[in-house]
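Contents: one structure, followed by commentary.
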Amino acid sequence: MFREIQARPSPGILMAVLIGVAVLIGGFVFYTGARAENGLLAGGGVLLMTLASLCMPGLFTVAPNEGKVLTLFGTYKGTAKTPGLWFTNPFMTKKAISLRIRNFETNKLKVNDARSNPVEIGAIVVWKVIDTAEASFEVNDYVQYVAVQSESAVRALASSYPYDHHGDDAIALSTHPAEISKGLLEALHDRLGKAGVEVLEARISHLAYAQEIAAAMLQRQQASAIVAARQTIVEGAVGMVEMALDALSARKIVTLDDERKASMVSNLLVVLCSDRAAQPVVNTGTLYS
């Protein structure tokens, strides 16, 4: 595997000055030789300007958060990362690679979750290049590699977890965003490390049931919410009935036998648990006639 090597090019300002001076001197010598009809002197001037022109491609600049990968006749010689104007072998090839932080958002992918329910999922990946040699020589196109491997990791993650936990404590896509993001980050580290890429952050940006089952799953969620609400209401109503019976008994307002207590409990539960307003009924008789 290729590993990044720190290149040490020469300062470019001094070489730029020397090349400029060589061009001026060569032009002056050529002009002088041409006027004097001295072919040898004119040829020397042309030769000097030609050498200066050949050295000019050796000048290159490095911008902040940028790396220049240097190769000589197909051999990797190092990467220049220090910003500024530099000079190196004019025959070296210089490939610029950005070291800035980048965002990538996957397409909305349709995947079956761990319970074979079709879901739509998308993710945002924040990444940057940390090894320019691996990014240049280990993969064909590291930007495309990041895109393809990110979508592959999202698909694998979605198929490993259910969309919803449905009452158990299992990790689910919709209820455990921190755990899901951590799992996606670890998967991307394993996949993109060989391309010299570091993943800084990965999180789910879109999550929904597929259209063909969205309506049915919405009804299921609504039913679960209604059951949970009713359970809370019943628990509260039972507590209120218990408090009412204890208060009546403690204050000795009325003495109730078991049958009358059962009737009172039934009436109170109907009033407290009903989703409609209670309709008063005047009882002109007794419980026993």
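To be explicit about the labels: the chains of the structure tokens are called A, B, and onward in the order shown, and within each one the residues are counted from 1, while ligands get numbers from 1 in the order they are shown.
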Selection: 10 Å around Ile101 in chain A, only C-alpha atoms, excl. self and same-chain fewer than 2 positions, as JSON, numbers by chain: {"A": [65, 98, 99, 103, 126, 127, 128, 129, 198, 199, 200]}
Contacts of range 20-35 of chain A at 10 Å (only C-alpha atoms; same-chain gap of 4+ positions) as an MDAnalysis selection string: chainID A and resid 14:16 39:53 56
Those in range 2-200 of chain A with strand (DSSP E or B) from DSSP, as JSON, numbers by chain: {"A": [6, 10, 11, 59, 60, 61, 62, 66, 67, 68, 69, 70, 71, 72, 75, 76, 77, 78, 79, 80, 84, 85, 86, 87, 93, 94, 95, 96, 97, 98, 102, 103, 104, 105, 109, 110, 111, 112, 118, 119, 120, 121, 122, 123, 124, 125, 126, 127, 128, 129, 197, 198, 199, 200]}
Save out the residues we just selected, N, CA and C atoms, as a compact mmCIF listing (two decimals), in the first residue's frame.
# COMPACT_ATOMS: atom_id res chain seq x y z
N GLN A 6 6.19 13.14 2.98
CA GLN A 6 6.25 14.60 2.97
C GLN A 6 7.36 15.06 2.02
N SER A 10 12.04 23.09 -3.08
CA SER A 10 12.82 24.30 -2.83
C SER A 10 11.92 25.53 -2.80
N PRO A 11 12.32 26.58 -2.09
CA PRO A 11 11.52 27.82 -2.09
C PRO A 11 11.35 28.35 -3.51
N LEU A 59 7.93 25.54 -11.12
CA LEU A 59 7.28 26.40 -10.14
C LEU A 59 5.83 25.96 -9.94
N PHE A 60 5.40 25.89 -8.71
CA PHE A 60 3.99 25.55 -8.42
C PHE A 60 3.61 26.15 -7.07
N THR A 61 2.33 26.34 -6.90
CA THR A 61 1.81 26.90 -5.65
C THR A 61 0.97 25.85 -4.93
N VAL A 62 0.97 25.96 -3.61
CA VAL A 62 0.14 25.11 -2.76
C VAL A 62 -0.79 26.01 -1.97
N GLU A 66 -4.56 22.17 1.00
CA GLU A 66 -4.40 21.51 -0.29
C GLU A 66 -3.09 20.75 -0.29
N GLY A 67 -3.07 19.65 -1.00
CA GLY A 67 -1.85 18.88 -1.16
C GLY A 67 -1.53 18.69 -2.63
N LYS A 68 -0.27 18.78 -2.98
CA LYS A 68 0.16 18.51 -4.35
C LYS A 68 0.96 17.22 -4.36
N VAL A 69 0.41 16.21 -5.05
CA VAL A 69 1.06 14.91 -5.17
C VAL A 69 2.07 14.97 -6.30
N LEU A 70 3.34 14.70 -6.00
CA LEU A 70 4.42 14.82 -6.97
C LEU A 70 4.84 13.43 -7.45
N THR A 71 4.84 13.26 -8.76
CA THR A 71 5.28 12.00 -9.36
C THR A 71 6.27 12.31 -10.47
N LEU A 72 7.31 11.49 -10.58
CA LEU A 72 8.33 11.65 -11.60
C LEU A 72 8.39 10.39 -12.43
N THR A 75 6.71 7.51 -10.80
CA THR A 75 7.16 7.15 -9.46
C THR A 75 6.73 8.22 -8.47
N TYR A 76 6.07 7.80 -7.39
CA TYR A 76 5.60 8.75 -6.37
C TYR A 76 6.80 9.28 -5.58
N LYS A 77 6.93 10.60 -5.51
CA LYS A 77 8.06 11.23 -4.84
C LYS A 77 7.68 11.95 -3.56
N GLY A 78 6.38 12.16 -3.31
CA GLY A 78 5.99 12.83 -2.09
C GLY A 78 4.84 13.79 -2.33
N THR A 79 4.39 14.40 -1.24
CA THR A 79 3.27 15.34 -1.29
C THR A 79 3.67 16.63 -0.58
N ALA A 80 3.45 17.75 -1.26
CA ALA A 80 3.73 19.06 -0.68
C ALA A 80 2.42 19.62 -0.12
N GLY A 84 2.23 28.00 -0.20
CA GLY A 84 3.25 28.92 -0.69
C GLY A 84 3.66 28.60 -2.11
N LEU A 85 4.69 29.30 -2.58
CA LEU A 85 5.26 29.09 -3.91
C LEU A 85 6.50 28.24 -3.77
N TRP A 86 6.56 27.14 -4.55
CA TRP A 86 7.64 26.18 -4.42
C TRP A 86 8.20 25.84 -5.80
N PHE A 87 9.41 25.21 -5.76
CA PHE A 87 10.07 24.79 -7.00
C PHE A 87 10.55 23.36 -6.82
N THR A 93 5.15 15.59 -12.29
CA THR A 93 3.71 15.85 -12.43
C THR A 93 3.15 16.23 -11.07
N LYS A 94 2.32 17.27 -11.07
CA LYS A 94 1.77 17.79 -9.81
C LYS A 94 0.25 17.69 -9.85
N LYS A 95 -0.30 16.86 -8.97
CA LYS A 95 -1.76 16.66 -8.91
C LYS A 95 -2.28 17.26 -7.61
N ALA A 96 -3.22 18.17 -7.73
CA ALA A 96 -3.78 18.84 -6.55
C ALA A 96 -4.91 18.00 -5.95
N ILE A 97 -4.89 17.86 -4.63
CA ILE A 97 -5.94 17.17 -3.90
C ILE A 97 -6.38 18.06 -2.74
N SER A 98 -7.66 18.32 -2.66
CA SER A 98 -8.19 19.17 -1.59
C SER A 98 -8.20 18.40 -0.27
N ARG A 102 -15.56 17.96 3.53
CA ARG A 102 -16.60 17.91 2.52
C ARG A 102 -17.86 17.22 3.07
N ASN A 103 -19.01 17.60 2.50
CA ASN A 103 -20.28 16.98 2.82
C ASN A 103 -20.74 16.13 1.65
N PHE A 104 -21.33 14.99 1.97
CA PHE A 104 -21.90 14.16 0.94
C PHE A 104 -23.22 13.60 1.45
N GLU A 105 -24.29 13.77 0.68
CA GLU A 105 -25.60 13.24 1.05
C GLU A 105 -25.98 12.14 0.06
N LEU A 109 -32.49 5.86 -0.46
CA LEU A 109 -32.40 4.45 -0.84
C LEU A 109 -33.60 3.68 -0.31
N LYS A 110 -34.09 2.75 -1.10
CA LYS A 110 -35.18 1.88 -0.69
C LYS A 110 -34.60 0.53 -0.29
N VAL A 111 -34.72 0.20 0.99
CA VAL A 111 -34.07 -1.00 1.55
C VAL A 111 -35.08 -1.72 2.45
N ASN A 112 -34.94 -3.03 2.58
CA ASN A 112 -35.72 -3.80 3.55
C ASN A 112 -35.00 -3.80 4.88
N PRO A 118 -40.11 -2.64 3.79
CA PRO A 118 -39.41 -1.69 2.91
C PRO A 118 -39.40 -0.28 3.49
N VAL A 119 -38.23 0.30 3.59
CA VAL A 119 -38.08 1.64 4.14
C VAL A 119 -37.24 2.48 3.19
N GLU A 120 -37.42 3.78 3.30
CA GLU A 120 -36.59 4.74 2.57
C GLU A 120 -35.63 5.38 3.56
N ILE A 121 -34.35 5.41 3.19
CA ILE A 121 -33.33 5.92 4.11
C ILE A 121 -32.28 6.70 3.33
N GLY A 122 -31.77 7.74 3.94
CA GLY A 122 -30.69 8.55 3.38
C GLY A 122 -29.79 9.02 4.50
N ALA A 123 -28.55 9.36 4.18
CA ALA A 123 -27.59 9.75 5.21
C ALA A 123 -26.71 10.88 4.70
N ILE A 124 -26.13 11.61 5.66
CA ILE A 124 -25.16 12.67 5.38
C ILE A 124 -23.81 12.23 5.95
N VAL A 125 -22.79 12.30 5.11
CA VAL A 125 -21.45 11.88 5.50
C VAL A 125 -20.51 13.09 5.40
N VAL A 126 -19.80 13.38 6.47
CA VAL A 126 -18.82 14.47 6.50
C VAL A 126 -17.43 13.83 6.51
N TRP A 127 -16.61 14.17 5.52
CA TRP A 127 -15.33 13.48 5.36
C TRP A 127 -14.27 14.41 4.81
N LYS A 128 -13.03 13.96 4.89
CA LYS A 128 -11.91 14.69 4.31
C LYS A 128 -10.77 13.71 4.01
N VAL A 129 -9.88 14.11 3.11
CA VAL A 129 -8.71 13.30 2.76
C VAL A 129 -7.60 13.55 3.77
N VAL A 197 -9.21 8.32 3.43
CA VAL A 197 -10.30 9.23 3.79
C VAL A 197 -10.67 9.01 5.25
N GLU A 198 -10.87 10.11 5.97
CA GLU A 198 -11.34 10.06 7.35
C GLU A 198 -12.78 10.56 7.40
N VAL A 199 -13.65 9.78 8.02
CA VAL A 199 -15.05 10.17 8.18
C VAL A 199 -15.20 10.88 9.52
N LEU A 200 -15.62 12.14 9.49
CA LEU A 200 -15.75 12.93 10.71
C LEU A 200 -17.13 12.77 11.35
Residue among A:Ala195, A:Met1, A:Val17, A:Leu173 lying closest to Gln149 in chain A, counting only C-alpha atoms: A:Ala195
